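**Student:** The following file, start-v4.csv, comprises CSV, C-alpha atoms:
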chain,number,residue,atom,x,y,z
A,30,MET,CA,-2.6,21.2,24.8
A,31,ALA,CA,-1.7,17.5,24.9
A,32,ARG,CA,1.9,16.4,25.0
A,33,PRO,CA,2.9,14.9,21.6
A,34,ASP,CA,3.7,11.4,23.0
A,35,ALA,CA,1.1,11.3,25.7
A,36,LEU,CA,-1.2,9.0,23.7
A,37,ARG,CA,1.6,6.7,22.7
A,38,GLU,CA,2.8,6.4,26.4
A,39,LEU,CA,-0.7,5.8,27.5
A,40,LEU,CA,-1.2,3.0,24.9
A,41,GLN,CA,2.1,1.4,25.7
A,42,CYS,CA,1.4,1.4,29.5
A,43,ALA,CA,-2.1,-0.1,28.9
A,44,ASP,CA,-0.5,-2.7,26.7
A,45,ALA,CA,2.2,-3.6,29.2
A,46,ALA,CA,-0.5,-3.9,31.9
A,47,ALA,CA,-2.6,-6.3,29.9
A,48,PRO,CA,-2.9,-9.8,31.4
A,49,PRO,CA,-0.1,-12.1,30.4
A,50,LEU,CA,-0.9,-14.6,27.7
A,51,ALA,CA,-0.9,-18.4,28.3
A,52,PRO,CA,2.0,-20.0,26.4
A,53,LEU,CA,1.1,-21.6,23.1
A,54,PRO,CA,1.5,-25.3,22.7
A,55,GLY,CA,5.1,-26.4,22.0
A,56,ASP,CA,4.1,-28.5,19.0
A,57,LEU,CA,2.4,-25.7,17.1
A,58,ALA,CA,4.1,-26.6,13.8
A,59,ALA,CA,2.9,-30.2,14.1
A,60,ARG,CA,-0.6,-29.1,14.8
A,61,VAL,CA,-0.6,-26.8,11.8
A,62,HIS,CA,0.7,-29.7,9.7
A,63,ARG,CA,-2.1,-31.9,10.8
A,64,ARG,CA,-4.7,-29.2,10.1
A,65,VAL,CA,-3.4,-28.7,6.6
A,66,LEU,CA,-3.5,-32.4,5.9
A,67,ARG,CA,-7.1,-32.6,7.1
A,68,HIS,CA,-8.1,-29.6,4.9
A,69,ARG,CA,-6.5,-31.3,1.9
A,70,ARG,CA,-8.4,-34.6,2.6
A,71,LEU,CA,-11.7,-32.8,2.9
A,72,ARG,CA,-11.1,-30.9,-0.3
A,73,HIS,CA,-10.3,-34.1,-2.2
A,74,LEU,CA,-13.4,-35.7,-0.7
A,75,ALA,CA,-15.6,-32.7,-1.8
A,76,LEU,CA,-14.0,-32.8,-5.3
A,77,GLY,CA,-14.6,-36.6,-5.6
A,78,SER,CA,-18.3,-36.3,-4.6
A,79,LEU,CA,-18.7,-33.4,-7.1
A,80,THR,CA,-17.1,-35.5,-9.9
A,81,ALA,CA,-19.3,-38.5,-9.1
A,82,ALA,CA,-22.5,-36.3,-9.1
A,83,ALA,CA,-21.4,-34.7,-12.5
A,84,ALA,CA,-20.8,-38.2,-13.9
A,85,VAL,CA,-24.3,-39.4,-12.8
A,86,VAL,CA,-25.9,-36.4,-14.5
A,87,VAL,CA,-23.9,-36.8,-17.7
A,88,LEU,CA,-24.7,-40.6,-17.9
A,89,SER,CA,-28.4,-40.1,-17.2
A,90,LEU,CA,-28.6,-37.4,-19.9
A,91,GLY,CA,-26.7,-39.6,-22.3
A,92,GLY,CA,-29.0,-42.5,-21.7
A,93,LEU,CA,-32.0,-40.3,-22.4
A,94,PHE,CA,-30.4,-38.8,-25.5
A,95,TRP,CA,-29.2,-42.1,-27.1
A,96,GLY,CA,-32.4,-44.0,-26.1
A,97,ARG,CA,-34.6,-41.8,-28.2
A,98,ARG,CA,-36.3,-43.6,-31.2
A,99,PRO,CA,-35.3,-42.2,-34.6
A,100,PRO,CA,-38.3,-40.6,-36.5
A,101,VAL,CA,-39.7,-42.8,-39.3
A,102,GLU,CA,-40.0,-41.2,-42.7
A,103,PRO,CA,-43.5,-41.8,-44.4
A,104,GLY,CA,-42.1,-43.2,-47.6
A,105,ASN,CA,-39.8,-45.7,-45.9
A,106,ALA,CA,-42.4,-47.1,-43.4
A,107,PRO,CA,-41.7,-50.9,-42.9
A,108,PRO,CA,-44.5,-53.5,-43.1
A,109,PRO,CA,-46.5,-53.9,-39.7
A,110,ALA,CA,-44.8,-57.2,-38.5
A,111,ALA,CA,-41.3,-55.9,-39.3
A,112,ALA,CA,-42.2,-52.5,-37.8
A,113,ASN,CA,-43.2,-54.3,-34.5
A,114,ALA,CA,-39.9,-56.2,-34.4
A,115,ALA,CA,-38.0,-53.1,-35.1
A,116,ASN,CA,-39.9,-51.3,-32.3
A,117,TRP,CA,-39.2,-54.0,-29.9
A,118,ARG,CA,-35.5,-54.0,-30.8
A,119,ALA,CA,-35.5,-50.2,-30.3
A,120,ASP,CA,-37.2,-50.5,-27.0
A,121,LEU,CA,-34.8,-53.2,-25.9
A,122,ALA,CA,-31.8,-51.0,-26.9
A,123,VAL,CA,-33.3,-48.1,-24.9
A,124,LEU,CA,-33.8,-50.3,-21.8
A,125,GLU,CA,-30.2,-51.7,-22.2
A,126,ALA,CA,-28.7,-48.2,-22.4
A,127,ALA,CA,-30.7,-47.0,-19.4
A,128,ALA,CA,-29.7,-50.1,-17.4
A,129,ALA,CA,-26.0,-49.6,-18.3
A,130,ALA,CA,-26.2,-45.9,-17.3
A,131,HIS,CA,-27.9,-46.8,-14.0
A,132,THR,CA,-25.4,-49.5,-13.3
A,133,GLN,CA,-22.5,-47.1,-14.0
A,134,ALA,CA,-24.1,-44.5,-11.8
A,135,ALA,CA,-24.6,-46.9,-9.0
A,136,LYS,CA,-21.0,-48.0,-9.2
A,137,LEU,CA,-19.8,-44.4,-9.0
A,138,ILE,CA,-22.1,-43.6,-6.1
A,139,THR,CA,-20.9,-46.7,-4.2
A,140,ALA,CA,-17.3,-45.8,-4.9
A,141,ALA,CA,-17.8,-42.2,-3.7
A,142,ALA,CA,-19.5,-43.4,-0.5
A,143,HIS,CA,-16.7,-45.9,0.1
A,144,ALA,CA,-14.1,-43.1,-0.4
A,145,ARG,CA,-16.0,-40.8,1.9
A,146,ARG,CA,-16.1,-43.5,4.6
A,147,VAL,CA,-12.4,-44.2,4.3
A,148,LEU,CA,-11.5,-40.5,4.4
A,149,ALA,CA,-13.8,-39.9,7.4
A,150,THR,CA,-12.0,-42.7,9.2
A,151,ALA,CA,-8.7,-41.2,8.3
A,152,ALA,CA,-9.8,-37.7,9.4
A,153,SER,CA,-11.0,-39.1,12.7
A,154,HIS,CA,-7.6,-40.8,13.2
A,155,THR,CA,-5.8,-37.5,12.6
A,156,ARG,CA,-7.9,-35.9,15.3
A,157,VAL,CA,-6.3,-38.2,17.8
A,158,PRO,CA,-3.2,-36.4,19.2
A,159,GLU,CA,-0.1,-37.9,17.8
A,160,PRO,CA,2.5,-39.4,20.1
A,161,PRO,CA,4.8,-36.8,21.5
A,162,GLN,CA,7.7,-38.5,19.8
A,163,ARG,CA,6.7,-37.1,16.5
A,164,ALA,CA,6.5,-33.5,17.8
A,165,ARG,CA,9.8,-34.1,19.5
A,166,ALA,CA,11.3,-35.3,16.2
A,167,GLU,CA,10.1,-32.2,14.5
A,168,VAL,CA,11.6,-30.0,17.1
A,169,GLU,CA,14.9,-31.9,16.8
A,170,GLN,CA,14.8,-31.5,13.0
A,171,ALA,CA,14.1,-27.8,13.2
A,172,ALA,CA,17.1,-27.4,15.6
A,173,GLN,CA,19.2,-29.4,13.2
A,174,THR,CA,18.3,-27.2,10.3
A,175,LEU,CA,19.3,-24.1,12.3
A,176,VAL,CA,22.6,-25.7,13.4
A,177,GLU,CA,23.4,-26.7,9.9
A,178,HIS,CA,22.6,-23.2,8.7
A,179,GLY,CA,24.9,-21.7,11.4
A,180,ALA,CA,27.7,-24.1,10.3
A,181,GLU,CA,27.2,-22.9,6.7
A,182,LEU,CA,27.5,-19.3,7.8
A,183,GLU,CA,30.6,-20.1,9.8
A,184,ARG,CA,32.2,-21.7,6.8
A,185,GLU,CA,31.2,-19.1,4.2
A,186,LEU,CA,31.6,-15.8,6.1
A,187,LYS,CA,34.8,-14.5,7.5
A,188,SER,CA,33.2,-13.1,10.6
A,189,PRO,CA,31.9,-15.7,13.1
A,190,GLN,CA,29.2,-13.3,14.5
A,191,PRO,CA,26.3,-14.4,12.3
A,192,ALA,CA,27.0,-18.1,13.1
A,193,VAL,CA,27.2,-17.2,16.8
A,194,ASN,CA,23.8,-15.5,16.6
A,195,VAL,CA,22.3,-18.6,14.9
A,196,PHE,CA,23.8,-21.0,17.5
A,197,ARG,CA,22.6,-18.8,20.3
A,198,GLU,CA,19.2,-18.9,18.8
A,199,VAL,CA,19.2,-22.7,18.7
A,200,VAL,CA,20.1,-22.7,22.4
A,201,ARG,CA,17.4,-20.2,23.2
A,202,LEU,CA,14.6,-21.8,21.1
A,203,PHE,CA,15.3,-25.5,21.5
A,204,PRO,CA,17.2,-25.7,24.8
A,205,ASN,CA,16.4,-29.4,25.5
A,206,THR,CA,17.4,-30.9,22.2
A,207,ALA,CA,20.6,-32.8,21.3
A,208,TRP,CA,21.3,-30.0,18.7
A,209,ALA,CA,21.3,-27.4,21.5
A,210,ALA,CA,24.2,-29.3,22.9
A,211,VAL,CA,25.9,-29.2,19.5
A,212,ALA,CA,25.3,-25.5,19.3
A,213,ARG,CA,26.7,-25.0,22.8
A,214,ASP,CA,29.9,-26.9,21.7
A,215,LYS,CA,30.1,-24.8,18.6
A,216,LEU,CA,29.8,-21.6,20.6
A,217,ALA,CA,32.5,-22.8,23.0
A,218,THR,CA,34.8,-23.6,20.1
A,219,ILE,CA,34.3,-20.2,18.5
A,220,GLU,CA,34.8,-18.5,21.8
A,221,LYS,CA,38.0,-20.4,22.3
A,222,GLN,CA,39.3,-19.5,18.8
A,223,ASN,CA,38.4,-15.9,19.3
A,224,GLY,CA,40.2,-15.9,22.7
A,225,GLY,CA,43.2,-17.5,21.1
A,226,ALA,CA,43.2,-15.1,18.3
A,227,SER,CA,43.0,-12.0,20.5
B,11,MET,CA,10.2,-9.4,15.9
B,12,THR,CA,8.9,-6.4,14.0
B,13,PRO,CA,9.7,-6.0,10.4
B,14,SER,CA,12.1,-3.2,11.2
B,15,SER,CA,13.9,-4.7,14.1
B,16,ALA,CA,15.6,-8.0,14.6
B,17,THR,CA,15.0,-10.5,17.4
B,18,GLY,CA,17.6,-11.3,20.0
B,19,ALA,CA,19.3,-13.4,17.3
B,20,GLY,CA,20.7,-10.2,15.8
B,21,GLN,CA,21.1,-8.9,12.3
B,22,PRO,CA,21.1,-12.1,10.3
B,23,THR,CA,17.5,-12.9,11.2
B,24,THR,CA,15.9,-11.4,8.1
B,25,LEU,CA,18.4,-13.2,5.9
B,26,ASP,CA,17.8,-16.4,7.8
B,27,ASP,CA,14.1,-16.2,7.4
B,28,ALA,CA,14.5,-15.9,3.6
B,29,VAL,CA,17.0,-18.8,3.6
B,30,LEU,CA,14.6,-21.0,5.6
B,31,ALA,CA,11.7,-20.1,3.3
B,32,ALA,CA,13.9,-21.0,0.3
B,33,ARG,CA,14.8,-24.3,2.0
B,34,PHE,CA,11.1,-25.1,2.6
B,35,ALA,CA,10.4,-24.3,-1.1
B,36,ARG,CA,13.2,-26.8,-2.1
B,37,GLY,CA,11.4,-29.4,0.0
B,38,ASP,CA,13.1,-29.3,3.4
B,39,PRO,CA,10.3,-29.9,5.9
B,40,ALA,CA,12.3,-28.9,8.9
B,41,ALA,CA,12.4,-25.3,7.8
B,42,PHE,CA,8.8,-24.7,8.7
B,43,PRO,CA,9.0,-25.7,12.4
B,44,ALA,CA,12.1,-23.5,12.6
B,45,LEU,CA,10.2,-20.5,11.2
B,46,VAL,CA,7.3,-21.2,13.5
B,47,ALA,CA,9.5,-21.4,16.6
B,48,ARG,CA,11.1,-18.1,15.6
B,49,HIS,CA,7.9,-16.2,15.0
B,50,GLN,CA,5.1,-17.7,17.0
B,51,GLU,CA,5.7,-15.3,19.9
B,52,GLN,CA,5.6,-12.2,17.7
B,53,VAL,CA,2.5,-13.4,15.8
B,54,THR,CA,0.8,-14.3,19.1
B,55,ARG,CA,1.5,-10.9,20.6
B,56,LEU,CA,0.3,-9.1,17.4
B,57,ALA,CA,-3.0,-11.1,17.3
B,58,TYR,CA,-3.5,-10.5,21.0
B,59,ARG,CA,-3.3,-6.8,20.5
B,60,LEU,CA,-5.3,-6.7,17.2
B,61,LEU,CA,-8.1,-8.7,18.8
B,62,GLY,CA,-8.5,-6.4,21.7
B,63,TRP,CA,-6.3,-8.2,24.3
B,64,ASN,CA,-8.6,-11.2,24.2
B,65,ALA,CA,-6.8,-14.3,25.5
B,66,ASP,CA,-8.6,-16.7,23.2
B,67,ILE,CA,-6.3,-16.4,20.3
B,68,GLU,CA,-4.8,-19.9,19.8
B,69,ASP,CA,-7.1,-20.6,16.8
B,70,VAL,CA,-6.1,-17.4,15.1
B,71,VAL,CA,-2.4,-18.1,15.6
B,72,GLN,CA,-2.9,-21.6,14.1
B,73,ASP,CA,-4.8,-20.1,11.2
B,74,VAL,CA,-1.9,-17.7,10.6
B,75,PHE,CA,0.6,-20.5,10.4
B,76,VAL,CA,-1.7,-22.7,8.3
B,77,ALA,CA,-1.9,-19.8,5.8
B,78,VAL,CA,1.9,-19.4,6.0
B,79,LEU,CA,2.4,-23.2,5.4
B,80,GLN,CA,0.0,-23.1,2.4
B,81,SER,CA,1.7,-20.2,0.7
B,82,LEU,CA,5.3,-20.5,2.0
B,83,ALA,CA,6.5,-22.3,-1.1
B,84,LYS,CA,5.3,-19.3,-3.2
B,85,PHE,CA,7.2,-16.8,-1.0
B,86,ARG,CA,9.6,-15.1,-3.5
B,87,GLY,CA,11.3,-12.7,-1.1
B,88,GLU,CA,9.9,-9.6,-2.9
B,89,SER,CA,9.1,-8.2,0.6
B,90,ARG,CA,10.7,-9.0,3.9
B,91,PHE,CA,9.6,-12.3,5.4
B,92,ALA,CA,8.4,-10.5,8.6
B,93,THR,CA,6.3,-8.0,6.5
B,94,TRP,CA,4.8,-10.9,4.6
B,95,LEU,CA,4.0,-12.7,7.9
B,96,TYR,CA,2.5,-9.6,9.5
B,97,ARG,CA,0.3,-9.1,6.4
B,98,ILE,CA,-1.0,-12.7,6.8
B,99,ALA,CA,-1.5,-12.2,10.5
B,100,VAL,CA,-3.5,-8.9,10.0
B,101,ASN,CA,-5.7,-10.6,7.3
B,102,GLN,CA,-6.4,-13.6,9.5
B,103,CYS,CA,-7.3,-11.3,12.5
B,104,ARG,CA,-9.7,-9.4,10.2
B,105,ARG,CA,-11.2,-12.8,9.0
B,106,HIS,CA,-11.6,-13.9,12.6
B,107,GLN,CA,-13.3,-10.7,13.6
B,108,ARG,CA,-15.7,-10.9,10.8
B,109,ARG,CA,-16.6,-14.4,11.8
B,110,TRP,CA,-16.9,-13.6,15.5
B,111,LEU,CA,-18.0,-10.0,15.4
B,112,PRO,CA,-20.6,-10.0,18.2
B,113,ARG,CA,-18.2,-11.8,20.5
B,114,TRP,CA,-15.3,-9.4,19.9
B,115,HIS,CA,-17.2,-6.2,19.9
B,116,THR,CA,-16.8,-4.2,23.1
B,117,ALA,CA,-18.6,-0.9,23.7
B,118,PRO,CA,-16.3,1.9,24.9
B,119,PRO,CA,-16.8,2.9,28.5
B,120,ALA,CA,-18.0,6.3,29.6
B,121,ALA,CA,-15.3,8.8,30.2
B,122,SER,CA,-16.3,9.5,33.8
B,123,GLU,CA,-15.7,6.2,35.6
B,124,HIS,CA,-15.6,6.2,39.4
B,125,ARG,CA,-12.0,6.0,40.7
B,126,SER,CA,-10.9,3.7,43.4
B,127,PRO,CA,-9.1,5.3,46.3
B,128,ASP,CA,-6.3,2.8,45.9
B,129,THR,CA,-3.8,4.3,43.3
B,130,ARG,CA,-2.8,0.9,41.9
B,131,LEU,CA,-6.3,-0.2,41.4
B,132,ALA,CA,-7.1,3.2,39.8
B,133,ALA,CA,-4.2,2.7,37.4
B,134,ASP,CA,-5.4,-0.8,36.5
B,135,GLU,CA,-8.8,0.5,35.8
B,136,THR,CA,-7.4,3.3,33.6
B,137,HIS,CA,-5.3,0.8,31.6
B,138,ALA,CA,-8.2,-1.6,31.2
B,139,ARG,CA,-10.3,1.3,30.0
B,140,VAL,CA,-7.7,2.3,27.5
B,141,ARG,CA,-7.6,-1.2,26.2
B,142,ARG,CA,-11.4,-1.3,25.9
B,143,VAL,CA,-11.4,1.9,24.0
B,144,VAL,CA,-8.8,0.6,21.5
B,145,ALA,CA,-10.7,-2.7,21.2
B,146,ALA,CA,-13.9,-0.8,20.4
B,147,LEU,CA,-12.3,1.1,17.5
B,148,PRO,CA,-13.2,0.0,14.0
B,149,ALA,CA,-10.9,-2.8,12.9
B,150,ARG,CA,-9.0,-0.6,10.4
B,151,ASP,CA,-8.4,2.1,12.9
B,152,ARG,CA,-7.3,-0.3,15.5
B,153,GLU,CA,-4.8,-1.9,13.1
B,154,VAL,CA,-3.0,1.3,12.4
B,155,ILE,CA,-2.9,2.2,16.1
B,156,VAL,CA,-1.5,-1.2,17.1
B,157,LEU,CA,1.1,-1.3,14.3
B,158,ARG,CA,2.3,2.2,14.8
B,159,TYR,CA,2.3,2.6,18.6
B,160,LEU,CA,2.6,-0.9,20.0
B,161,GLU,CA,4.6,-2.6,17.2
B,162,GLY,CA,6.6,0.5,16.5
B,163,LEU,CA,6.4,0.3,12.7
B,164,GLU,CA,7.1,3.0,10.2
B,165,ILE,CA,4.5,4.3,7.8
B,166,ASP,CA,6.2,2.6,4.8
B,167,GLU,CA,6.1,-0.8,6.6
B,168,MET,CA,2.5,-0.3,7.7
B,169,SER,CA,1.7,0.6,4.1
B,170,ALA,CA,3.2,-2.7,2.8
B,171,ILE,CA,1.5,-4.8,5.5
B,172,LEU,CA,-2.0,-3.2,5.1
B,173,GLY,CA,-1.7,-3.0,1.3
B,174,ARG,CA,-2.6,0.7,1.2
B,175,GLY,CA,-0.6,3.7,0.1
B,176,PRO,CA,1.4,5.7,2.7
B,177,ASN,CA,-0.9,8.7,2.4
B,178,THR,CA,-4.0,6.5,3.1
B,179,VAL,CA,-2.3,5.0,6.1
B,180,GLU,CA,-1.3,8.4,7.5
B,181,VAL,CA,-4.9,9.7,7.0
B,182,ARG,CA,-6.3,6.6,8.7
B,183,LEU,CA,-3.8,7.0,11.6
B,184,ALA,CA,-4.7,10.6,12.1
B,185,ARG,CA,-8.4,9.7,12.2
B,186,ALA,CA,-7.8,6.9,14.6
B,187,ARG,CA,-5.7,9.1,16.8
B,188,ALA,CA,-8.5,11.8,16.8
B,189,ARG,CA,-11.0,9.1,17.9
B,190,LEU,CA,-8.8,7.9,20.7
B,191,ARG,CA,-8.1,11.4,21.9
B,192,ALA,CA,-11.9,12.1,21.9
B,193,ASP,CA,-12.6,8.9,23.9
B,194,LEU,CA,-9.7,9.4,26.3
B,195,LYS,CA,-10.0,13.1,26.6
B,196,ASP,CA,-9.7,13.2,30.3
B,197,LEU,CA,-6.5,11.0,30.3
B,198,VAL,CA,-4.6,12.6,27.3
B,199,ASP,CA,-5.4,16.3,27.7
B,200,ASP,CA,-3.4,17.0,30.8
Please rewrite the model in this file as structure tokens.

**Tutor:**
Amino acid sequence: MARPDALRELLQCADAAAPPLAPLPGDLAARVHRRVLRHRRLRHLALGSLTAAAAVVVLSLGGLFWGRRPPVEPGNAPPPAAANAANWRADLAVLEAAAAAHTQAAKLITAAAHARRVLATAASHTRVPEPPQRARAEVEQAAQTLVEHGAELERELKSPQPAVNVFREVVRLFPNTAWAAVARDKLATIEKQNGGAS
Amino acid sequence: MTPSSATGAGQPTTLDDAVLAARFARGDPAAFPALVARHQEQVTRLAYRLLGWNADIEDVVQDVFVAVLQSLAKFRGESRFATWLYRIAVNQCRRHQRRWLPRWHTAPPAASEHRSPDTRLAADETHARVRRVVAALPARDREVIVLRYLEGLEIDEMSAILGRGPNTVEVRLARARARLRADLKDLVDD
């Protein structure tokens, strides 16, 4: 009969013996931000193209519908010369409506193509890795948020331990930032106060 | 961090995650990098295990945090942040496997493999074989095995992550365990 935890032990040993993973890039959050921005741009682009196509279809159908000649009732038939003039005017109106629809459609297609070009250029720019300063600034900002949060905990709670945990985490996660130095100072101050109190 | 245990930061971590998520929802952009820095190691490890210890997981981890960023503003704290994050990670791993199924599929090795005379080599071979067997399990069976035995989660937490009732999760776990025992008979039945 198998030992109850033999399978668990075997799995945990196999997992521990797995090859170590290469560390992920330090600016993962910045990369994720860039990907989300790119997705949004592509979605807007797709939506714009779809809207333009729908507008073209609607305008073309509208041109066909409004350009139709009204049926002539037998009792109200105009005399031949007047009928010809009326027919020409109707034909002219149809042509004008069709021309207007086509002009509008061409404008929309041109605008959509222009927008697509602009967005493609913007997307290609976003593929270029941003300067490290930006990633650095984001890391600093994240560290700042945690330090501020730790300071809030220190102010609001009677026990300093939750704040100490947060400051230690800042030092652990963002060791090379200016805010890590602030967190170290805070830790030293708390330690001194606790030492003085005890 | 697993949903049931805190990181080295200690007890306030769960509270802090919720606070950071709330800050992000209020428009503080620095909250997201802080959450990523806290959890990227755990998400990476989970994805590594769920995808059969395949080292090529950077895309999956990015997908997980893209999904987190897109829905973080909607996080209401109804479940713990870590549970919510694990659910997203499991779903992204499933999606990735569906997309790359032939690449990820690994056939289980035969039970009688030749052993090296060197003990350490033999142990390495055994561990590699165990990983291959786990990687060859159906995705749903592998998920319960990884969450239960490698992430150390309780049935209730697994149930919340997988979106299934506790009884279903237990049945699935028993089935997955039986499969593993059958495939690793020579190693488990001592």

**Student:** For the contact check between chain A and chain B, emit one row per residue of chain A within 8 Å, containing the shortest atom pair and the distance in Å rounded to one decimal, counting all atoms listed in the file, chain then rising number order, as a Markdown table.

**Tutor:**
| residue | atom | partner | partner_atom | distance |
| --- | --- | --- | --- | --- |
| A:Met30 | CA | B:Asp199 | CA | 6.3 |
| A:Ala31 | CA | B:Asp199 | CA | 4.8 |
| A:Arg32 | CA | B:Asp199 | CA | 7.8 |
| A:Ala35 | CA | B:Val198 | CA | 6.1 |
| A:Leu36 | CA | B:Val198 | CA | 6.1 |
| A:Arg37 | CA | B:Tyr159 | CA | 5.8 |
| A:Leu39 | CA | B:Val140 | CA | 7.8 |
| A:Leu40 | CA | B:Val140 | CA | 7.0 |
| A:Gln41 | CA | B:Leu160 | CA | 6.2 |
| A:Cys42 | CA | B:His137 | CA | 7.0 |
| A:Ala43 | CA | B:His137 | CA | 4.3 |
| A:Asp44 | CA | B:Arg141 | CA | 7.3 |
| A:Ala46 | CA | B:His137 | CA | 6.7 |
| A:Ala47 | CA | B:Trp63 | CA | 7.0 |
| A:Leu50 | CA | B:Ala65 | CA | 6.3 |
| A:Ala51 | CA | B:Ala65 | CA | 7.7 |
| A:Leu53 | CA | B:Glu68 | CA | 7.0 |
| A:Leu57 | CA | B:Gln72 | CA | 7.3 |
| A:Ala58 | CA | B:Pro43 | CA | 5.2 |
| A:Ala59 | CA | B:Pro43 | CA | 7.8 |
| A:Arg60 | CA | B:Gln72 | CA | 7.9 |
| A:Val61 | CA | B:Val76 | CA | 5.5 |
| A:His62 | CA | B:Val76 | CA | 7.5 |
| A:Arg64 | CA | B:Val76 | CA | 7.4 |
| A:Val65 | CA | B:Val76 | CA | 6.5 |
| A:Glu167 | CA | B:Ala40 | CA | 6.9 |
| A:Val168 | CA | B:Pro43 | CA | 6.9 |
| A:Gln170 | CA | B:Ala40 | CA | 5.5 |
| A:Ala171 | CA | B:Ala44 | CA | 4.8 |
| A:Ala172 | CA | B:Ala44 | CA | 7.0 |
| A:Thr174 | CA | B:Ala40 | CA | 6.4 |
| A:Leu175 | CA | B:Ala44 | CA | 7.2 |
| A:Pro191 | CA | B:Pro22 | CA | 6.0 |
| A:Asn194 | CA | B:Ala19 | CA | 5.0 |
| A:Val195 | CA | B:Ala19 | CA | 6.5 |
| A:Arg197 | CA | B:Ala19 | CA | 7.0 |
| A:Glu198 | CA | B:Ala19 | CA | 5.7 |
| A:Leu202 | CA | B:Ala47 | CA | 6.8 |

**Student:** So what do you get for CA of Pro189 in chain A versus CA of Arg213 in chain A, distance-wise?

**Tutor:**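 Separation of CA of Pro189 in chain A and CA of Arg213 in chain A: 14.4 Å.
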
**Student:** Would you please work out which residue, of A:Ala207, A:Leu124, A:Ala212, A:Ala82, is nearest to Thr139 in chain A when using all atoms listed in the file?

**Tutor:**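 Nearest to Thr139 in chain A: A:Ala82.
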
**Student:** Using all atoms listed in the file, which residues sit within 12 Å of Glu183 in chain A once same-chain residues fewer than 3 positions away are excluded, as a list in words?

**Tutor:**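 Once the adjacent positions are removed, what remains is Val176, Glu177, His178, Gly179, Ala180, Leu186, Lys187, Ser188, Pro189, Gln190, Pro191, Ala192, Val193, Asn194, Val195, Phe196, Lys215, Leu216, Thr218 and Ile219 of chain A.
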
**Student:** For a cutoff of 12 Å around the file-coordinate point (-20.7, -37.7, -13.9), which residues qualify once you count all atoms listed in the file? I'd like the result as number ranges by chain.

**Tutor:** A: 76-91, 130-131, 133-138, 141

**Student:** So how many Å separate CA of Ala83 in chain B and CA of Ala28 in chain B, to one decimal?

**Tutor:**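 Taking CA of Ala83 in chain B and CA of Ala28 in chain B, their separation equals 11.3 Å.
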
**Student:** Using only C-alpha atoms, pick whichever of A:Leu74, A:Leu93, A:Pro52, A:Lys221 has the shortest atom-to-atom distance to His143 in chain A.

**Tutor:**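 Nearest candidate to His143 in chain A out of A:Leu74, A:Leu93, A:Pro52, A:Lys221: A:Leu74.
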
**Student:** Calculate how many Å separate CA of Ile165 in chain B from CA of Asn177 in chain B, rounding to one decimal.

**Tutor:**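 Computed distance, CA of Ile165 in chain B to CA of Asn177 in chain B, equals 8.8 Å.
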